[in-house]
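Accompanying notes for the structure given below.
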Amino acid sequence: MTARLIDGNALAASIRADVARRAAAFAAHGRKPGLAVILVGENPASQVYVRHKVKDCEESGLYSVLERHDASIAEAALLARIAALNADPAIDGILVQLPLPPHIDAGKVIEAIAPDKDVDGFSIASAGALMIGRPGFRACTPYGCMKMLESIACDPRGKHAVVIGRSNIVGKPMAMLLLQANATVTICHSATPDLAHHTRDADIVVAAVGRIGMLDGAMVKPGAVVIDVGMNRDADGKLCGDVDFASVAPVAGFLTPVPGGVGPMTRAMLLVNTLEAAERAARNAHTARAR
Ligand code: NDP
């Protein structure tokens, strides 16, 4: 067997095209959906990420503002900026690029974002909504992984899904989304003995660890769907995932490549969340006017 690749670039392009259509229809009523991106400091990876996010907005017809702050900005000043953006009707989504400098409490900053503008889906309100199955923003990476499953008509219902990694931004929300989709979910982490015992039984494996090639072909059930969230740099600086592509590709049924897999989907889902925030804000304003 040779795994079929799930092309994240192509799927993300079709999602962006749909966002662009809906954003144009939205803009016809007066304004574009708006995203504010806050960058603190000079972290080179963060600079690349925020540039991509702003470019994605421009190309899909969304309005975006990039706020750059010196690494020395006081926490109170940053919180004040978020309060101003919360109150700005031109802004539907606020994203604070992580990591933040050590003197700033990232949790406090994320909680300062109004729940209806938390397009990264990292706040306690968004995580709680996901946990109890209420509508709310879904963290972009797991949301993108679910879209990848949908794109290959993989319905998680009744399947055994193994998520490797339990971070608040990837592993845990991924597991909750799979659970919501009626998979039987196993969450593995650094204290899991015999990881292969779990992954070999999985119909769907999501690897979100941050270790090059940690999932190899001997750990995968023939025909399984393998989603590689990992983004690592090898000794030559080349981007690679958590999955050992060479040994997993002959075993898995479907596999996401790195690069060109989950990464572009994460970016696309940020646009979807921002557009949906704008559409919701417009509906709420309409309802308020009708009262
Ligand atoms: P974290 O470091 O926050 O979490 C990593 C998780 O992996 C932890 O839960 C950890 O367990 C677990 N882990 C570590 N070692 C092992 C092991 N040997 N066996 C099983 N589990 C292990 O990372 P993130 O969740 O933020 O990111 C994970 C990866 O995904 C990274 O490579 C990151 O760059 C990438 N990423 C990619 C994105 C994309 O768009 N493609 C977006 C976001 C992240 P424990 O909790 O016990 O420490």
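Going through the structure tokens in order, the chains are called A, B, and so on, while each chain numbers its residues from 1 and the ligands are numbered from 1 in the order shown.
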Can you work out which residues are within 8 Å of ligand 1, considering only C-alpha atoms and all ligand atoms, and then hand them over as a PyMOL selection string?
chain A and resi 140-141+164-171+188-192+195+207-211+214+228-232+241-242+261-267
Export C-alpha atoms of the chosen residues as a short mmCIF file (atom, residue, chain, number, x, y, z; two decimals), in the first residue's frame?
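Below is the file that was written, part-v2.cif:
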data_model
loop_
_atom_site.label_atom_id
_atom_site.label_comp_id
_atom_site.auth_asym_id
_atom_site.auth_seq_id
_atom_site.Cartn_x
_atom_site.Cartn_y
_atom_site.Cartn_z
CA CYS A 140 -7.10 26.78 13.98
CA THR A 141 -4.74 23.79 13.77
CA ILE A 164 -0.11 12.20 20.34
CA GLY A 165 0.40 15.38 22.33
CA ARG A 166 -1.82 17.17 24.84
CA SER A 167 -1.03 20.86 24.46
CA ASN A 168 -3.85 23.36 24.95
CA ILE A 169 -3.47 24.67 21.41
CA VAL A 170 -3.24 21.40 19.46
CA GLY A 171 -3.50 18.05 21.27
CA CYS A 188 -0.92 10.00 24.40
CA HIS A 189 1.83 12.15 25.89
CA SER A 190 5.36 12.01 27.22
CA ALA A 191 4.37 9.74 30.12
CA THR A 192 2.57 7.21 27.92
CA LEU A 195 3.10 4.54 22.50
CA ALA A 207 1.00 13.43 15.72
CA ALA A 208 1.47 16.78 17.51
CA VAL A 209 4.68 16.42 19.48
CA GLY A 210 7.54 18.39 17.93
CA ARG A 211 10.03 15.52 17.49
CA MET A 214 8.88 9.98 16.14
CA ASP A 228 1.32 15.13 10.87
CA VAL A 229 1.05 18.39 12.79
CA GLY A 230 4.72 18.53 13.74
CA MET A 231 6.86 21.39 12.45
CA ASN A 232 10.51 20.73 13.11
CA GLY A 241 7.18 16.70 10.65
CA ASP A 242 6.81 14.22 13.50
CA GLY A 261 -0.02 19.66 4.95
CA VAL A 262 -1.42 20.99 8.21
CA GLY A 263 0.55 24.28 8.12
CA PRO A 264 -1.42 25.93 5.29
CA MET A 265 -4.66 24.63 6.80
CA THR A 266 -3.92 26.38 10.11
CA ARG A 267 -3.53 29.64 8.22
#
10 Å contact set for stretch 106-113 of chain A, only C-alpha atoms, chain neighbours under 5 positions out, as a PyMOL selection string
chain A and resi 75-76+78-83+85-86+93-101+118-125
Strand (DSSP E) residues, from DSSP on the backbone, in stretch 155-270 of chain A, as a count of residues only:
24
Would you mind telling me which residue in A:Ser14, A:Thr186, A:Gly213, A:Glu59 lies nearest to A:Cys240 when using only C-alpha atoms?
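The shortest atom-to-atom distance to A:Cys240 comes from A:Gly213.
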Between A:Ala181, A:Lys159, A:Leu271, A:Pro173, which is the closest to A:Ser126 once you count only C-alpha atoms?
A:Pro173
